[in-house]
>>> print(open('coords.tsv').read())   # TSV, C-alpha atoms and all ligand atoms
chain	number	residue	atom	x	y	z
A	1	MET	CA	-13.04	-5.03	-27.26
A	2	TYR	CA	-13.97	-1.38	-26.92
A	3	SER	CA	-16.10	-2.04	-23.87
A	4	LEU	CA	-12.84	-2.49	-21.96
A	5	ALA	CA	-11.35	0.80	-23.10
A	6	PRO	CA	-10.73	3.30	-20.31
A	7	THR	CA	-13.08	6.25	-19.85
A	8	ILE	CA	-12.29	9.81	-18.77
A	9	THR	CA	-14.59	11.84	-16.53
A	10	ALA	CA	-13.98	15.53	-15.79
A	11	LEU	CA	-14.25	16.52	-12.12
A	12	ASP	CA	-14.81	20.16	-11.16
A	13	CYS	CA	-12.44	20.81	-8.24
A	14	GLY	CA	-12.80	24.59	-8.01
A	15	TRP	CA	-11.93	27.66	-10.04
A	16	LEU	CA	-9.37	30.44	-9.64
A	17	ARG	CA	-9.70	34.09	-10.56
A	18	THR	CA	-6.71	36.11	-11.64
A	19	GLN	CA	-5.59	38.70	-14.15
A	20	ARG	CA	-5.37	37.42	-17.70
A	21	ARG	CA	-1.70	38.43	-17.83
A	22	THR	CA	-0.90	35.93	-15.07
A	23	LEU	CA	-1.65	33.10	-17.48
A	24	THR	CA	-0.51	34.49	-20.83
A	25	GLN	CA	2.47	36.50	-21.91
A	26	GLY	CA	1.28	39.90	-23.11
A	27	GLY	CA	-2.15	39.37	-21.52
A	28	SER	CA	-4.29	42.21	-20.14
A	29	THR	CA	-5.15	43.07	-16.53
A	30	ASP	CA	-8.74	41.91	-17.12
A	31	GLN	CA	-9.97	39.31	-14.66
A	32	LEU	CA	-10.34	35.74	-15.80
A	33	SER	CA	-11.80	32.69	-14.05
A	34	PHE	CA	-10.28	29.39	-14.95
A	35	PRO	CA	-11.21	25.83	-13.96
A	36	ILE	CA	-9.18	23.54	-11.71
A	37	PRO	CA	-9.91	20.09	-13.07
A	38	SER	CA	-9.23	16.63	-11.82
A	39	TRP	CA	-9.71	13.71	-14.20
A	40	LEU	CA	-11.07	10.30	-13.29
A	41	VAL	CA	-9.72	7.64	-15.63
A	42	GLN	CA	-11.49	4.32	-15.19
A	43	HIS	CA	-9.64	1.29	-16.49
A	44	PRO	CA	-10.85	-2.31	-16.02
A	45	GLN	CA	-7.88	-2.87	-13.68
A	46	GLY	CA	-8.38	0.20	-11.50
A	47	ASN	CA	-9.19	3.86	-11.07
A	48	VAL	CA	-6.66	6.56	-11.85
A	49	VAL	CA	-7.04	10.18	-10.83
A	50	PHE	CA	-4.99	12.69	-12.81
A	51	ASP	CA	-4.38	15.78	-10.68
A	52	VAL	CA	-6.49	16.45	-7.62
A	53	GLY	CA	-7.56	20.11	-7.65
A	54	LEU	CA	-7.80	22.64	-4.85
A	55	HIS	CA	-7.32	22.10	-1.12
A	56	PRO	CA	-10.58	22.06	0.88
A	57	ASP	CA	-9.40	25.00	3.07
A	58	LEU	CA	-9.74	27.27	0.03
A	59	ALA	CA	-13.53	27.06	0.38
A	60	ASP	CA	-13.05	29.40	3.37
A	61	GLY	CA	-10.88	31.95	1.57
A	62	ALA	CA	-7.44	32.46	0.09
A	63	GLU	CA	-5.49	32.66	3.37
A	64	SER	CA	-3.80	29.26	3.09
A	65	LEU	CA	-2.37	30.23	-0.32
A	66	GLY	CA	0.20	32.43	1.41
A	67	PRO	CA	1.98	34.71	-1.10
A	68	MET	CA	-0.13	33.27	-3.96
A	69	ALA	CA	-3.23	34.85	-2.39
A	70	LYS	CA	-2.13	38.18	-3.90
A	71	ILE	CA	-2.42	36.69	-7.37
A	72	PHE	CA	-5.21	34.08	-7.21
A	73	ALA	CA	-8.72	34.29	-5.72
A	74	PRO	CA	-10.17	30.80	-5.13
A	75	GLN	CA	-13.77	30.04	-6.04
A	76	LEU	CA	-14.52	26.78	-4.30
A	77	GLU	CA	-17.69	25.56	-2.63
A	78	HIS	CA	-17.71	23.33	0.44
A	79	GLY	CA	-18.09	19.83	-0.95
A	80	GLY	CA	-16.54	20.87	-4.26
A	81	THR	CA	-13.24	19.06	-3.79
A	82	VAL	CA	-11.91	15.85	-5.30
A	83	ALA	CA	-13.14	13.44	-2.59
A	84	HIS	CA	-16.73	14.63	-3.02
A	85	ARG	CA	-16.49	14.60	-6.80
A	86	LEU	CA	-15.18	11.02	-6.79
A	87	ALA	CA	-17.98	9.95	-4.43
A	88	GLU	CA	-20.49	11.52	-6.84
A	89	HIS	CA	-19.18	9.05	-9.40
A	90	ASP	CA	-19.35	6.08	-6.98
A	91	VAL	CA	-15.59	6.01	-6.41
A	92	ASP	CA	-14.52	5.71	-2.77
A	93	PRO	CA	-11.88	8.40	-2.08
A	94	LEU	CA	-10.44	6.18	0.65
A	95	SER	CA	-9.85	3.26	-1.74
A	96	ASN	CA	-6.47	2.32	-3.18
A	97	LEU	CA	-6.51	4.81	-6.03
A	98	THR	CA	-3.63	5.65	-8.28
A	99	VAL	CA	-3.05	9.40	-8.41
A	100	VAL	CA	-0.93	10.69	-11.27
A	101	LEU	CA	0.32	14.22	-10.65
A	102	SER	CA	1.21	16.45	-13.59
A	103	HIS	CA	3.29	18.61	-11.26
A	104	CYS	CA	3.27	19.97	-7.72
A	105	HIS	CA	1.74	23.46	-8.03
A	106	PHE	CA	-1.03	24.10	-5.50
A	107	ASP	CA	-3.88	23.90	-8.01
A	108	HIS	CA	-2.91	20.34	-8.97
A	109	VAL	CA	-2.09	18.74	-5.60
A	110	GLY	CA	-4.47	20.38	-3.09
A	111	GLY	CA	-6.87	17.44	-2.87
A	112	LEU	CA	-4.20	14.87	-1.97
A	113	CYS	CA	-5.08	15.25	1.72
A	114	GLU	CA	-8.49	13.76	0.93
A	115	LEU	CA	-7.03	10.63	-0.70
A	116	PRO	CA	-4.85	9.15	2.09
A	117	ASN	CA	-4.63	5.63	0.64
A	118	ALA	CA	-3.66	6.64	-2.88
A	119	ARG	CA	-0.41	5.68	-4.53
A	120	VAL	CA	1.13	8.73	-6.20
A	121	ILE	CA	2.95	8.56	-9.54
A	122	ILE	CA	5.09	11.55	-10.45
A	123	GLN	CA	8.19	12.28	-12.49
A	124	ALA	CA	11.28	11.93	-10.29
A	125	ASP	CA	12.64	15.32	-11.42
A	126	GLU	CA	9.45	17.01	-10.25
A	127	TRP	CA	9.37	15.19	-6.93
A	128	VAL	CA	12.99	16.03	-6.16
A	129	ALA	CA	12.51	19.70	-7.08
A	130	ALA	CA	9.23	20.06	-5.23
A	131	THR	CA	10.44	18.41	-2.05
A	132	SER	CA	13.82	20.12	-1.91
A	133	ASP	CA	13.33	23.47	-3.62
A	134	PRO	CA	12.56	26.50	-1.44
A	135	ASP	CA	10.71	28.04	-4.45
A	136	ILE	CA	7.43	29.62	-3.28
A	137	SER	CA	5.59	27.93	-6.13
A	138	TYR	CA	5.76	24.65	-4.18
A	139	ASP	CA	3.90	24.29	-0.88
A	140	LYS	CA	5.21	21.04	0.60
A	141	SER	CA	2.41	20.87	3.17
A	142	LEU	CA	0.06	20.01	0.29
A	143	PHE	CA	1.91	16.94	-0.99
A	144	GLU	CA	4.42	15.70	1.60
A	145	LEU	CA	1.74	13.69	3.37
A	146	GLY	CA	3.32	10.25	3.61
A	147	HIS	CA	1.76	8.73	0.51
A	148	ASP	CA	3.37	5.80	-1.25
A	149	VAL	CA	5.19	7.64	-4.07
A	150	LEU	CA	6.38	6.03	-7.29
A	151	ALA	CA	8.90	8.44	-8.84
A	152	ILE	CA	9.33	7.61	-12.53
A	153	ALA	CA	11.78	8.82	-15.15
A	154	GLY	CA	10.19	9.27	-18.57
A	155	ALA	CA	7.18	7.54	-20.10
A	156	HIS	CA	5.31	5.05	-17.93
A	157	ASP	CA	2.58	2.61	-18.99
A	158	LEU	CA	0.29	2.18	-15.98
A	159	PHE	CA	-1.44	-1.10	-16.85
A	160	GLY	CA	0.98	-2.64	-19.35
A	161	ASP	CA	-1.55	-2.47	-22.19
A	162	GLY	CA	-0.68	0.96	-23.59
A	163	THR	CA	-4.05	2.51	-22.77
A	164	VAL	CA	-3.03	4.78	-19.89
A	165	ALA	CA	0.46	6.26	-19.91
A	166	CYS	CA	2.39	9.11	-18.35
A	167	ILE	CA	4.28	11.15	-20.94
A	168	PRO	CA	6.86	13.76	-19.95
A	169	THR	CA	5.97	17.32	-21.01
A	170	PRO	CA	8.60	19.36	-19.16
A	171	GLY	CA	9.00	23.12	-19.23
A	172	HIS	CA	6.18	24.57	-17.14
A	173	THR	CA	8.01	22.90	-14.27
A	174	CYS	CA	11.13	20.74	-14.50
A	175	GLY	CA	9.26	17.44	-14.30
A	176	HIS	CA	5.83	18.24	-15.68
A	177	GLN	CA	3.98	15.30	-17.25
A	178	SER	CA	0.73	14.68	-19.12
A	179	LEU	CA	-1.48	11.59	-19.28
A	180	ARG	CA	-2.25	9.78	-22.53
A	181	VAL	CA	-5.41	7.67	-22.51
A	182	VAL	CA	-6.68	5.52	-25.38
A	183	THR	CA	-10.46	5.64	-25.07
A	184	ALA	CA	-13.06	3.87	-27.22
A	185	ASN	CA	-13.24	7.10	-29.23
A	186	GLY	CA	-9.51	7.33	-29.81
A	187	PRO	CA	-6.43	8.66	-28.04
A	188	VAL	CA	-6.64	11.65	-25.71
A	189	ILE	CA	-3.87	13.57	-23.98
A	190	LEU	CA	-4.75	15.30	-20.74
A	191	ALA	CA	-2.13	18.01	-21.16
A	192	ALA	CA	-2.44	19.82	-17.80
A	193	ASP	CA	-0.20	22.90	-17.76
A	194	ALA	CA	1.80	21.94	-20.86
A	195	CYS	CA	-1.13	23.57	-22.68
A	196	TYR	CA	-3.35	25.95	-20.68
A	197	PHE	CA	-5.98	26.72	-23.31
A	198	GLY	CA	-7.34	25.32	-26.55
A	199	HIS	CA	-5.95	28.30	-28.46
A	200	THR	CA	-2.47	27.66	-27.04
A	201	LEU	CA	-2.03	24.90	-29.63
A	202	ASP	CA	-2.58	27.49	-32.37
A	203	ASP	CA	-1.00	30.66	-31.01
A	204	GLY	CA	1.78	29.07	-28.92
A	205	ILE	CA	1.49	31.85	-26.32
A	206	LEU	CA	3.06	30.57	-23.13
A	207	PRO	CA	2.36	31.55	-19.51
A	208	GLN	CA	4.39	34.38	-17.99
A	209	PHE	CA	6.23	32.07	-15.69
A	210	GLY	CA	7.87	28.78	-16.44
A	211	TYR	CA	10.85	26.64	-15.53
A	212	ASP	CA	12.22	26.51	-19.09
A	213	PHE	CA	10.54	28.21	-22.06
A	214	ASP	CA	12.47	26.19	-24.69
A	215	GLN	CA	11.35	22.94	-23.06
A	216	GLN	CA	7.81	24.30	-22.89
A	217	ARG	CA	7.86	25.04	-26.63
A	218	ALA	CA	9.23	21.56	-27.36
A	219	SER	CA	6.49	19.95	-25.25
A	220	LEU	CA	3.87	22.05	-27.04
A	221	ASP	CA	5.32	20.99	-30.40
A	222	MET	CA	4.98	17.35	-29.36
A	223	LEU	CA	1.32	17.97	-28.45
A	224	ARG	CA	0.75	19.63	-31.82
A	225	ARG	CA	2.21	16.60	-33.62
A	226	GLU	CA	-0.05	14.30	-31.61
A	227	HIS	CA	-3.01	16.54	-32.43
A	228	ALA	CA	-2.17	16.47	-36.14
A	229	GLY	CA	-2.07	12.68	-35.91
A	230	GLY	CA	-5.59	12.49	-34.52
A	231	THR	CA	-5.09	12.67	-30.75
A	232	ALA	CA	-7.51	14.89	-28.84
A	233	ILE	CA	-5.60	17.36	-26.64
A	234	VAL	CA	-7.40	18.42	-23.46
A	235	PRO	CA	-5.91	21.67	-22.14
A	236	GLY	CA	-5.36	22.22	-18.43
A	237	HIS	CA	-7.30	25.40	-17.68
A	238	ASP	CA	-9.66	26.17	-20.57
A	239	ALA	CA	-13.10	27.17	-19.19
A	240	GLU	CA	-15.10	26.56	-22.35
A	241	ILE	CA	-13.57	23.18	-23.13
A	242	PHE	CA	-13.82	22.09	-19.50
A	243	ARG	CA	-17.54	22.96	-19.31
A	244	ARG	CA	-18.12	20.97	-22.48
A	245	LEU	CA	-16.33	17.93	-21.02
A	246	LEU	CA	-18.26	18.16	-17.72
A	247	ALA	CA	-21.45	17.90	-19.75
A	248	ALA	CA	-20.25	15.14	-22.09
A	249	PRO	CA	-17.49	12.87	-20.74
A	250	LEU	CA	-14.91	11.44	-23.09
B	301	ZN	ZN	-2.23	24.79	-13.14
>>> encode(input="coords.tsv", output="structure tokens")
Amino acid sequence: MYSLAPTITALDCGWLRTQRRTLTQGGSTDQLSFPIPSWLVQHPQGNVVFDVGLHPDLADGAESLGPMAKIFAPQLEHGGTVAHRLAEHDVDPLSNLTVVLSHCHFDHVGGLCELPNARVIIQADEWVAATSDPDISYDKSLFELGHDVLAIAGAHDLFGDGTVACIPTPGHTCGHQSLRVVTANGPVILAADACYFGHTLDDGILPQFGYDFDQQRASLDMLRREHAGGTAIVPGHDAEIFRRLLAAPL
């Protein structure tokens, strides 16, 4: 039966450089590079891509980031975006993929332009906020591209067999979600920005910015409970853990 369990493959879709304090409350002004992952989840009934990394324009510099260019320096090679990474794993980026978005910040939606035939699954709260909110943290040109969008409210089982499911983890943004995948080696939660680093589970230090810090703490508590129960938690932007997963897929 385990041969039919979904697999998770880490895709390197660029890195960003910023001051440590951008990502952690009380952090220093030291520079830190952090990975921008996308995750290919392969289920017998179809391919799912969880988050889609940086926009290809960022290989030419930070200009298209607008005000965010003051904070983040992109490190992206030409050919280092999600479409190329999928092709490297024999997945056609123009096929009818399912893209699950954790949220609509630029480092999670930039590659959508390369996946024109994908169906997008996102929490309705996030989609409404991102498409109507003038907040500079959302750049609509990255995600309002005419995709077929399924806006969900709460948990959502993608294939009806419990192996791949969206789970709400609000707080970083109003409609942030994570993806729970039951692999042959056990359950895994791709946490995205509900948990930036591996040590976040232990120290509980949150990013400087966030939609709702109480919600963020509650989402982190849920991840801790899952972790205590034997679920592997994959943080969103942890360089060391990401490098390990690139070398040895889950
Ligand atoms: Zn992020």
>>> residues_around(input="coords.tsv", residues="range 120-127 of chain A", least_positions_apart="4", cutoff="6 Å", atoms="all atoms listed in the file", output="JSON, numbers by chain")
{"A": [99, 100, 101, 131, 149, 150, 151, 152, 153, 174, 175]}
>>> write_last_selection(input="coords.tsv", atoms="C-alpha atoms", output="PDB file, in the coordinates of the input")
ATOM      1  CA  VAL A  99      -3.050   9.400  -8.410  1.00  0.00           C
ATOM      2  CA  VAL A 100      -0.930  10.690 -11.270  1.00  0.00           C
ATOM      3  CA  LEU A 101       0.320  14.220 -10.650  1.00  0.00           C
ATOM      4  CA  THR A 131      10.440  18.410  -2.050  1.00  0.00           C
ATOM      5  CA  VAL A 149       5.190   7.640  -4.070  1.00  0.00           C
ATOM      6  CA  LEU A 150       6.380   6.030  -7.290  1.00  0.00           C
ATOM      7  CA  ALA A 151       8.900   8.440  -8.840  1.00  0.00           C
ATOM      8  CA  ILE A 152       9.330   7.610 -12.530  1.00  0.00           C
ATOM      9  CA  ALA A 153      11.780   8.820 -15.150  1.00  0.00           C
ATOM     10  CA  CYS A 174      11.130  20.740 -14.500  1.00  0.00           C
ATOM     11  CA  GLY A 175       9.260  17.440 -14.300  1.00  0.00           C
TER      12      GLY A 175
END
>>> residues_around(input="coords.tsv", residues="Gly210 in chain A", least_positions_apart="5", cutoff="10 Å", atoms="all atoms listed in the file", output="PDB file with C-alpha atoms, in the coordinates of the input")
ATOM      1  CA  PRO A 170       8.600  19.360 -19.160  1.00  0.00           C
ATOM      2  CA  GLY A 171       9.000  23.120 -19.230  1.00  0.00           C
ATOM      3  CA  HIS A 172       6.180  24.570 -17.140  1.00  0.00           C
ATOM      4  CA  THR A 173       8.010  22.900 -14.270  1.00  0.00           C
ATOM      5  CA  CYS A 174      11.130  20.740 -14.500  1.00  0.00           C
ATOM      6  CA  GLN A 215      11.350  22.940 -23.060  1.00  0.00           C
ATOM      7  CA  GLN A 216       7.810  24.300 -22.890  1.00  0.00           C
TER       8      GLN A 216
END
>>> axis_aligned_box(input="coords.tsv", around="range 217-225 of chain A", padding_each_side="3 Å", output="lines of an AutoDock Vina configuration file")
center_x = 5.0
center_y = 20.8
center_z = -29.4
size_x = 14.5
size_y = 14.4
size_z = 14.4
>>> closest_atom_pairs(input="coords.tsv", of="chain A", to="ligand ZN 301 (chain B)", cutoff="10 Å", atoms="all atoms listed in the file", output="Markdown table")
| residue | atom | partner | partner_atom | distance |
| --- | --- | --- | --- | --- |
| A:Leu16 | CA | B:ZN301 | ZN | 9.8 |
| A:Leu23 | CA | B:ZN301 | ZN | 9.4 |
| A:Phe34 | CA | B:ZN301 | ZN | 9.4 |
| A:Pro35 | CA | B:ZN301 | ZN | 9.1 |
| A:Ile36 | CA | B:ZN301 | ZN | 7.2 |
| A:Pro37 | CA | B:ZN301 | ZN | 9.0 |
| A:Asp51 | CA | B:ZN301 | ZN | 9.6 |
| A:Gly53 | CA | B:ZN301 | ZN | 9.0 |
| A:Ser102 | CA | B:ZN301 | ZN | 9.0 |
| A:His103 | CA | B:ZN301 | ZN | 8.5 |
| A:Cys104 | CA | B:ZN301 | ZN | 9.1 |
| A:His105 | CA | B:ZN301 | ZN | 6.6 |
| A:Phe106 | CA | B:ZN301 | ZN | 7.8 |
| A:Asp107 | CA | B:ZN301 | ZN | 5.5 |
| A:His108 | CA | B:ZN301 | ZN | 6.1 |
| A:Val109 | CA | B:ZN301 | ZN | 9.7 |
| A:His172 | CA | B:ZN301 | ZN | 9.3 |
| A:Ala192 | CA | B:ZN301 | ZN | 6.8 |
| A:Asp193 | CA | B:ZN301 | ZN | 5.4 |
| A:Ala194 | CA | B:ZN301 | ZN | 9.2 |
| A:Cys195 | CA | B:ZN301 | ZN | 9.7 |
| A:Tyr196 | CA | B:ZN301 | ZN | 7.7 |
| A:Gly236 | CA | B:ZN301 | ZN | 6.7 |
| A:His237 | CA | B:ZN301 | ZN | 6.8 |
>>> atom_distance(input="coords.tsv", atom1="CA of Pro56 in chain A", atom2="CA of Thr81 in chain A")
6.2 Å
>>> closest_residue(input="coords.tsv", among="A:Leu245, A:Pro6, A:Phe50, A:His55", to="Gly162 in chain A", atoms="all atoms listed in the file")
A:Pro6
>>> residues_near_point(input="coords.tsv", point="(-11.6, 9.2, -2.3)", cutoff="10 Å", atoms="all atoms listed in the file", output="count of residues only")
23
>>> atom_distance(input="coords.tsv", atom1="CA of Ala239 in chain A", atom2="CA of Leu190 in chain A")
14.6 Å
>>> closest_residue(input="coords.tsv", among="A:Val188, A:Thr29, A:Thr98, A:Gly160", to="His147 in chain A", atoms="only C-alpha atoms")
A:Thr98
>>> closest_residue(input="coords.tsv", among="A:Gln19, A:Ser64, A:Gln25, A:Gln45", to="Ser141 in chain A", atoms="all atoms listed in the file")
A:Ser64
>>> residues_around(input="coords.tsv", residues="Ile167 in chain A", least_positions_apart="3", cutoff="7 Å", atoms="all atoms listed in the file", output="VMD selection string")
chain A and resid 154 to 156 177 to 180
>>> atom_distance(input="coords.tsv", atom1="CA of Leu223 in chain A", atom2="CA of Leu158 in chain A")
20.1 Å
>>> closest_residue(input="coords.tsv", among="A:Leu246, A:Ala73, A:Ala129, A:Val181", to="Ala165 in chain A", atoms="only C-alpha atoms")
A:Val181
>>> closest_residue(input="coords.tsv", among="A:Leu58, A:Ala247, A:Leu145, A:Leu220", to="Trp15 in chain A", atoms="all atoms listed in the file")
A:Leu58
>>> closest_residue(input="coords.tsv", among="A:Val234, A:Val128, A:Leu142, A:Cys13", to="Thr200 in chain A", atoms="only C-alpha atoms")
A:Val234
>>> residues_around(input="coords.tsv", residues="Arg224 in chain A", least_positions_apart="6", cutoff="10 Å", atoms="only C-alpha atoms", output="ChimeraX atom specification")
/A:200-202,204,218,230-233
>>> write_last_selection(input="coords.tsv", atoms="C-alpha atoms", output="mmCIF file, in the coordinates of the input")
data_model
loop_
_atom_site.group_PDB
_atom_site.id
_atom_site.type_symbol
_atom_site.label_atom_id
_atom_site.label_comp_id
_atom_site.auth_asym_id
_atom_site.auth_seq_id
_atom_site.Cartn_x
_atom_site.Cartn_y
_atom_site.Cartn_z
ATOM 1 C CA THR A 200 -2.470 27.660 -27.040
ATOM 2 C CA LEU A 201 -2.030 24.900 -29.630
ATOM 3 C CA ASP A 202 -2.580 27.490 -32.370
ATOM 4 C CA GLY A 204 1.780 29.070 -28.920
ATOM 5 C CA ALA A 218 9.230 21.560 -27.360
ATOM 6 C CA GLY A 230 -5.590 12.490 -34.520
ATOM 7 C CA THR A 231 -5.090 12.670 -30.750
ATOM 8 C CA ALA A 232 -7.510 14.890 -28.840
ATOM 9 C CA ILE A 233 -5.600 17.360 -26.640
#
